[in-house]
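Raw contents of start.pdb, PDB, C-alpha atoms:
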```
ATOM      1  CA  MET A 219     101.543  49.896 106.732
ATOM      2  CA  ALA A 220      98.510  51.435 105.008
ATOM      3  CA  VAL A 221      97.205  53.868 102.439
ATOM      4  CA  LYS A 222      95.759  56.757 104.432
ATOM      5  CA  LYS A 223      92.945  59.166 103.634
ATOM      6  CA  ILE A 224      94.282  62.536 102.542
ATOM      7  CA  LEU A 225      92.738  65.404 104.475
ATOM      8  CA  THR A 226      91.313  68.228 102.385
ATOM      9  CA  ILE A 227      90.968  71.908 103.133
ATOM     10  CA  GLY A 228      87.161  71.833 103.034
ATOM     11  CA  LYS A 229      86.855  69.729 106.194
ATOM     12  CA  HIS A 230      90.292  69.927 107.801
ATOM     13  CA  GLU A 231      91.608  73.457 107.265
ATOM     14  CA  LYS A 232      92.344  74.002 110.971
ATOM     15  CA  LEU A 233      94.567  70.905 111.180
ATOM     16  CA  LEU A 234      96.250  71.632 107.829
ATOM     17  CA  ARG A 235      97.072  75.130 109.090
ATOM     18  CA  THR A 236      98.615  73.863 112.343
ATOM     19  CA  LYS A 237     102.401  73.758 112.700
ATOM     20  CA  ALA A 238     103.750  70.203 113.074
ATOM     21  CA  GLU A 239     105.846  69.035 116.033
ATOM     22  CA  PRO A 240     109.434  67.759 115.710
ATOM     23  CA  VAL A 241     110.143  64.043 115.830
ATOM     24  CA  ARG A 242     111.990  63.334 119.084
ATOM     25  CA  LYS A 243     112.912  59.712 118.424
ATOM     26  CA  ILE A 244     112.583  57.350 115.483
ATOM     27  CA  ASN A 245     110.458  54.675 117.125
ATOM     28  CA  LYS A 246     107.849  52.239 115.820
ATOM     29  CA  ASP A 247     105.195  54.965 115.501
ATOM     30  CA  VAL A 248     107.497  57.086 113.330
ATOM     31  CA  ARG A 249     108.541  54.091 111.222
ATOM     32  CA  ASP A 250     104.842  53.261 110.719
ATOM     33  CA  LEU A 251     104.190  56.887 109.754
ATOM     34  CA  ILE A 252     107.023  56.778 107.203
ATOM     35  CA  GLN A 253     105.556  53.647 105.623
ATOM     36  CA  ASP A 254     102.068  55.202 105.598
ATOM     37  CA  ILE A 255     103.465  58.250 103.774
ATOM     38  CA  LYS A 256     105.228  56.032 101.206
ATOM     39  CA  ASP A 257     102.146  53.843 100.691
ATOM     40  CA  THR A 258      99.858  56.851 100.293
ATOM     41  CA  ILE A 259     102.237  58.560  97.838
ATOM     42  CA  ASP A 260     102.436  55.373  95.762
ATOM     43  CA  ALA A 261      98.671  54.802  95.790
ATOM     44  CA  ASN A 262      97.761  58.235  94.402
ATOM     45  CA  PRO A 263     100.461  58.421  92.749
ATOM     46  CA  ALA A 264     101.740  61.666  94.239
ATOM     47  CA  ILE A 265     104.972  63.631  93.991
ATOM     48  CA  GLY A 266     105.024  64.430  97.692
ATOM     49  CA  LEU A 267     103.054  64.139 100.898
ATOM     50  CA  ALA A 268     103.510  65.575 104.387
ATOM     51  CA  ALA A 269     102.410  63.914 107.633
ATOM     52  CA  PRO A 270      99.801  66.612 108.436
ATOM     53  CA  GLN A 271      97.992  65.711 105.205
ATOM     54  CA  ILE A 272      97.184  62.318 106.712
ATOM     55  CA  GLY A 273      96.314  63.802 110.101
ATOM     56  CA  VAL A 274      99.651  63.408 111.906
ATOM     57  CA  LEU A 275     101.202  66.647 113.169
ATOM     58  CA  LYS A 276     104.811  65.474 112.954
ATOM     59  CA  ARG A 277     107.630  67.057 110.949
ATOM     60  CA  VAL A 278     107.954  64.315 108.338
ATOM     61  CA  PHE A 279     107.349  64.353 104.605
ATOM     62  CA  GLY A 280     108.132  62.239 101.584
ATOM     63  CA  ALA A 281     109.001  63.585  98.133
ATOM     64  CA  ARG A 282     109.901  62.011  94.810
ATOM     65  CA  MET A 283     113.111  63.536  93.519
ATOM     66  CA  SER A 284     113.935  64.000  89.819
ATOM     67  CA  TYR A 285     110.267  63.878  88.844
ATOM     68  CA  THR A 286     109.234  64.885  85.321
ATOM     69  CA  ALA A 287     105.676  65.289  84.083
ATOM     70  CA  ASP A 288     106.051  62.680  81.332
ATOM     71  CA  GLN A 289     107.208  59.860  83.648
ATOM     72  CA  GLU A 290     105.191  56.699  83.877
ATOM     73  CA  LYS A 291     104.341  55.512  87.388
ATOM     74  CA  GLN A 292     106.795  52.597  87.186
ATOM     75  CA  ASP A 293     109.628  55.002  86.277
ATOM     76  CA  MET A 294     109.148  57.279  89.287
ATOM     77  CA  GLN A 295     111.765  57.382  92.018
ATOM     78  CA  PRO A 296     110.647  56.028  95.397
ATOM     79  CA  PRO A 297     109.936  58.838  97.856
ATOM     80  CA  THR A 298     112.837  60.317  99.815
ATOM     81  CA  ILE A 299     111.870  60.763 103.471
ATOM     82  CA  PHE A 300     112.682  64.011 105.281
ATOM     83  CA  ILE A 301     112.459  64.040 109.083
ATOM     84  CA  ASN A 302     112.693  67.359 110.969
ATOM     85  CA  PRO A 303     113.801  69.189 107.812
ATOM     86  CA  GLU A 304     115.219  72.695 107.971
ATOM     87  CA  ILE A 305     115.699  74.878 104.926
ATOM     88  CA  ILE A 306     118.991  76.509 105.870
ATOM     89  CA  ALA A 307     119.622  78.441 102.651
ATOM     90  CA  ARG A 308     117.512  79.734  99.768
ATOM     91  CA  SER A 309     118.664  81.266  96.503
ATOM     92  CA  GLU A 310     117.722  84.846  95.783
ATOM     93  CA  GLU A 311     116.658  83.655  92.349
ATOM     94  CA  THR A 312     113.017  82.597  92.175
ATOM     95  CA  GLU A 313     110.781  80.963  89.616
ATOM     96  CA  ARG A 314     107.043  81.136  88.945
ATOM     97  CA  GLU A 315     105.753  77.659  88.209
ATOM     98  CA  HIS A 316     102.895  75.181  88.706
ATOM     99  CA  ASP A 317     101.855  74.352  92.301
ATOM    100  CA  ALA A 318      99.141  71.869  93.269
ATOM    101  CA  CYS A 319      98.140  69.862  96.315
ATOM    102  CA  LEU A 320      96.207  66.690  97.106
ATOM    103  CA  SER A 321      94.653  68.560 100.048
ATOM    104  CA  ILE A 322      93.244  71.220  97.698
ATOM    105  CA  PRO A 323      91.593  69.129  94.976
ATOM    106  CA  GLY A 324      90.294  70.701  91.790
ATOM    107  CA  MET A 325      92.707  73.635  91.847
ATOM    108  CA  PHE A 326      96.270  74.550  90.998
ATOM    109  CA  ALA A 327      98.198  77.791  90.872
ATOM    110  CA  VAL A 328     101.293  79.522  89.645
ATOM    111  CA  THR A 329     103.449  80.429  92.634
ATOM    112  CA  LYS A 330     106.857  81.956  93.151
ATOM    113  CA  ARG A 331     109.424  79.754  94.893
ATOM    114  CA  ASN A 332     113.186  79.829  95.397
ATOM    115  CA  LEU A 333     115.061  78.133  92.587
ATOM    116  CA  LYS A 334     117.595  76.497  94.950
ATOM    117  CA  VAL A 335     117.457  75.404  98.589
ATOM    118  CA  THR A 336     119.799  73.712 101.023
ATOM    119  CA  VAL A 337     118.068  71.319 103.408
ATOM    120  CA  ARG A 338     119.304  69.755 106.629
ATOM    121  CA  TYR A 339     117.245  66.743 107.742
ATOM    122  CA  MET A 340     117.313  63.197 109.075
ATOM    123  CA  ASP A 341     116.715  60.340 106.681
ATOM    124  CA  GLU A 342     114.407  57.458 107.524
ATOM    125  CA  ASN A 343     117.271  55.656 109.293
ATOM    126  CA  GLY A 344     117.843  58.634 111.576
ATOM    127  CA  GLN A 345     121.059  59.658 109.828
ATOM    128  CA  PRO A 346     121.721  63.416 109.512
ATOM    129  CA  GLN A 347     121.828  64.686 105.929
ATOM    130  CA  GLN A 348     122.436  68.001 104.216
ATOM    131  CA  ARG A 349     121.718  68.404 100.507
ATOM    132  CA  ASP A 350     121.252  71.076  97.884
ATOM    133  CA  PHE A 351     118.184  70.905  95.648
ATOM    134  CA  GLU A 352     117.250  72.991  92.641
ATOM    135  CA  GLY A 353     114.538  73.398  90.066
ATOM    136  CA  TRP A 354     111.509  71.147  90.435
ATOM    137  CA  ASP A 355     113.027  69.259  93.398
ATOM    138  CA  ALA A 356     113.497  72.539  95.292
ATOM    139  CA  ARG A 357     109.889  73.488  94.513
ATOM    140  CA  VAL A 358     108.513  70.176  95.800
ATOM    141  CA  ILE A 359     110.553  70.399  98.993
ATOM    142  CA  GLN A 360     109.383  73.958  99.677
ATOM    143  CA  HIS A 361     105.765  72.904  99.099
ATOM    144  CA  GLU A 362     106.022  69.953 101.498
ATOM    145  CA  TYR A 363     108.021  71.971 104.048
ATOM    146  CA  ASP A 364     105.218  74.557 104.017
ATOM    147  CA  HIS A 365     102.792  71.822 105.104
ATOM    148  CA  LEU A 366     104.889  71.294 108.233
ATOM    149  CA  GLU A 367     104.592  75.026 108.936
ATOM    150  CA  GLY A 368     100.815  75.044 108.433
ATOM    151  CA  ILE A 369     101.134  76.933 105.130
ATOM    152  CA  LEU A 370      99.224  76.034 101.964
ATOM    153  CA  PHE A 371     100.024  77.039  98.386
ATOM    154  CA  LEU A 372      96.987  79.332  98.502
ATOM    155  CA  ASP A 373      99.000  81.477 100.919
ATOM    156  CA  ARG A 374     101.709  81.894  98.260
ATOM    157  CA  LEU A 375      99.484  83.484  95.607
ATOM    158  CA  ASP A 376     100.463  86.900  94.284
ATOM    159  CA  SER A 377      96.964  87.309  92.842
ATOM    160  CA  LEU A 378      93.724  85.338  92.570
ATOM    161  CA  ASP A 379      94.352  85.424  88.806
ATOM    162  CA  ASP A 380      97.203  82.950  89.499
ATOM    163  CA  LEU A 381      94.725  80.420  90.931
ATOM    164  CA  MET A 382      93.163  78.007  88.443
ATOM    165  CA  VAL A 383      90.042  75.918  88.967
ATOM    166  CA  TYR A 384      89.008  72.837  87.012
ATOM    167  CA  VAL A 385      85.455  73.252  85.686
ATOM    168  CA  ARG A 386      83.276  71.305  83.276
ATOM    169  CA  ASP A 387      82.107  73.121  80.178
ATOM    170  CA  GLU A 388      78.719  72.643  78.482
ATOM    171  CA  ASN A 389      80.142  69.623  76.598
ATOM    172  CA  GLY A 390      81.212  67.920  79.826
ATOM    173  CA  LYS A 391      84.909  68.471  79.188
ATOM    174  CA  THR A 392      87.114  69.587  82.052
ATOM    175  CA  ARG A 393      89.254  72.659  81.608
ATOM    176  CA  ALA A 394      91.202  74.996  83.855
ATOM    177  CA  VAL A 395      89.959  78.551  84.228
ATOM    178  CA  PRO A 396      91.203  81.406  86.421
ATOM    179  CA  TYR A 397      89.432  81.505  89.785
ATOM    180  CA  PRO A 398      87.779  84.932  89.204
ATOM    181  CA  GLU A 399      86.304  83.644  85.926
ATOM    182  CA  ALA A 400      85.045  80.459  87.634
ATOM    183  CA  VAL A 401      83.285  82.602  90.252
ATOM    184  CA  ARG A 402      81.671  84.741  87.531
ATOM    185  CA  GLN A 403      80.507  81.597  85.695
ATOM    186  CA  ALA A 404      79.036  80.133  88.893
ATOM    187  CA  GLU A 405      77.234  83.399  89.725
ATOM    188  CA  LYS A 406      75.838  83.569  86.183
ATOM    189  CA  LYS A 407      74.540  79.991  86.357
ATOM    190  CA  ALA A 408      72.984  80.646  89.777
ATOM    191  CA  ALA A 409      71.216  83.749  88.433
ATOM    192  CA  GLU A 410      69.840  81.797  85.463
ATOM    193  CA  LYS A 411      68.247  79.063  87.606
ATOM    194  CA  PRO A 412      64.548  79.449  88.265
ATOM    195  CA  THR A 413      63.802  80.384  91.867
ATOM    196  CA  GLY A 414      61.052  77.774  92.181
ATOM    197  CA  THR A 415      57.567  76.938  91.023
ATOM    198  CA  VAL A 416      54.153  77.468  92.589
TER     199      VAL A 416
END
```

Structure rendered as structure tokens:
Amino acid sequence: MAVKKILTIGKHEKLLRTKAEPVRKINKDVRDLIQDIKDTIDANPAIGLAAPQIGVLKRVFGARMSYTADQEKQDMQPPTIFINPEIIARSEETEREHDACLSIPGMFAVTKRNLKVTVRYMDENGQPQQRDFEGWDARVIQHEYDHLEGILFLDRLDSLDDLMVYVRDENGKTRAVPYPEAVRQAEKKAAEKPTGTV
């Protein structure tokens, strides 16, 4: 259908923190939503995207399975669509790993997520599915599932030291620094600026 604008936390935090409603019937509106999610994932290119991120409070998300960081865009799997997903089992074993979001640009974090999950959902044809996911796939699914619950990765931080912010250094190069350090740098720069001239 169309590539949609991705809502960001700065302007749309209330909507992004609202729990999505179940899909009652796979009708034209839901099929259009599924295509919008696929188109928007492909255009970015993203690993996953949930309906609330494009302003639709429905329990639908798309996620690329078997993603690896060194894949070229043309080698990526098409998104798998999850409708009304339920995480029905989670491993006790967890992993601290990279977490980022199109709705929170300029930041990423290290978060703790379950290493394995079992998910019950409907596919895009309305067929019931139940699958086990582990590793990176489990992480992506938990991230996107959180969007349906109105939860952002910022809510999963153990410490602000786990949050990284992209900043430009004096040479114009972008680098990631811990959030507390970025705040200190910003405060220092603000203090150095002249207050005005007469």

Self-check item: Distance criterion (all atoms listed in the file): nearest to A:Phe351 out of A:Asp376, A:Glu311, A:Ser284, A:Leu381
Solution: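 The closest residue to A:Phe351 is A:Ser284.
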
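In this model, the gap between atom CA of A:Arg393 and atom CA of A:Trp354 comes to 24.0 Å.
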
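Distances to A:Ile299 were evaluated for A:His316, A:Arg249, A:Lys411, A:Lys229 using all atoms listed in the file, and the minimum falls at A:Arg249.
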
Quiz item: Looking at A:Asp341, A:Arg386, A:Gly280, A:Leu333, which one is nearest to A:Asp257, with distances taken over only C-alpha atoms?
Solution: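 Among the listed residues, the smallest separation from A:Asp257 belongs to A:Gly280.
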
First collect every listed atom of stretch 393-407 of chain A; then fit an axis-aligned box around them, widen it by 3 Å on each side, and give centre and edge lengths in Å to one decimal, as AutoDock Vina command-line options.
```
--center_x 82.9 --center_y 78.8 --center_z 85.9 --size_x 22.7 --size_y 18.3 --size_z 14.6
```

Self-check item: Test item: the PyMOL selection byres ((chain A and resi 258) around 12) resolved as a PyMOL selection string
Solution: chain A and resi 219-225+251-257+259-269+271-272+279-281+296-297+320

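Here the PyMOL selection byres ((chain A and resi 397-410) around 7) catches exactly these residues: Leu378, Asp379, Leu381, Met382, Val383, Val395, Pro396, Lys411 and Pro412 of chain A.
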
Practice problem: Work out how far apart atom CA of A:Thr236 and atom CA of A:Tyr285 are and give it in Å to one decimal. | Solution: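 Here the two named atoms are 28.1 Å from each other.
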
Quiz item: Between A:Lys334, A:Gly390, A:Arg357, A:Val278, which has the minimum distance to A:Ala318 (counting only C-alpha atoms)?
Solution: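 Result for the nearest residue to A:Ala318: A:Arg357.
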
Exercise. Please provide the set of residues having any atom within 6 Å of A:Thr336, restricted to all atoms listed in the file, with same-chain residues fewer than 4 positions apart removed, written as a PyMOL selection string.
Key: chain A and resi 305-307+349-350

Could you write out the selected residues, including C-alpha atoms, as a PDB file, in the frame of the given file?
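As a result, result22.pdb now contains:
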```
ATOM      1  CA  ILE A 305     115.699  74.878 104.926  1.00  0.00           C
ATOM      2  CA  ILE A 306     118.991  76.509 105.870  1.00  0.00           C
ATOM      3  CA  ALA A 307     119.622  78.441 102.651  1.00  0.00           C
ATOM      4  CA  ARG A 349     121.718  68.404 100.507  1.00  0.00           C
ATOM      5  CA  ASP A 350     121.252  71.076  97.884  1.00  0.00           C
TER       6      ASP A 350
END
```

Hits from the PyMOL selection byres ((chain A and resi 276) around 6), listed as a PDB file with C-alpha atoms, in the frame of the given file:
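What landed in out-v7.pdb:
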```pdb
ATOM      1  CA  ALA A 238     103.750  70.203 113.074  1.00  0.00           C
ATOM      2  CA  GLU A 239     105.846  69.035 116.033  1.00  0.00           C
ATOM      3  CA  PRO A 240     109.434  67.759 115.710  1.00  0.00           C
ATOM      4  CA  VAL A 274      99.651  63.408 111.906  1.00  0.00           C
ATOM      5  CA  LEU A 275     101.202  66.647 113.169  1.00  0.00           C
ATOM      6  CA  ARG A 277     107.630  67.057 110.949  1.00  0.00           C
ATOM      7  CA  VAL A 278     107.954  64.315 108.338  1.00  0.00           C
TER       8      VAL A 278
END
```

Self-check item: Given only C-alpha atoms as the counted atoms, nearest of A:Leu366, A:Gly324, A:Glu315, A:Asp387 to A:Gly228
Solution: A:Gly324

Quiz item: By how many Å are atom CA of A:Met325 and atom CA of A:Arg374 apart?
Solution: 13.8 Å
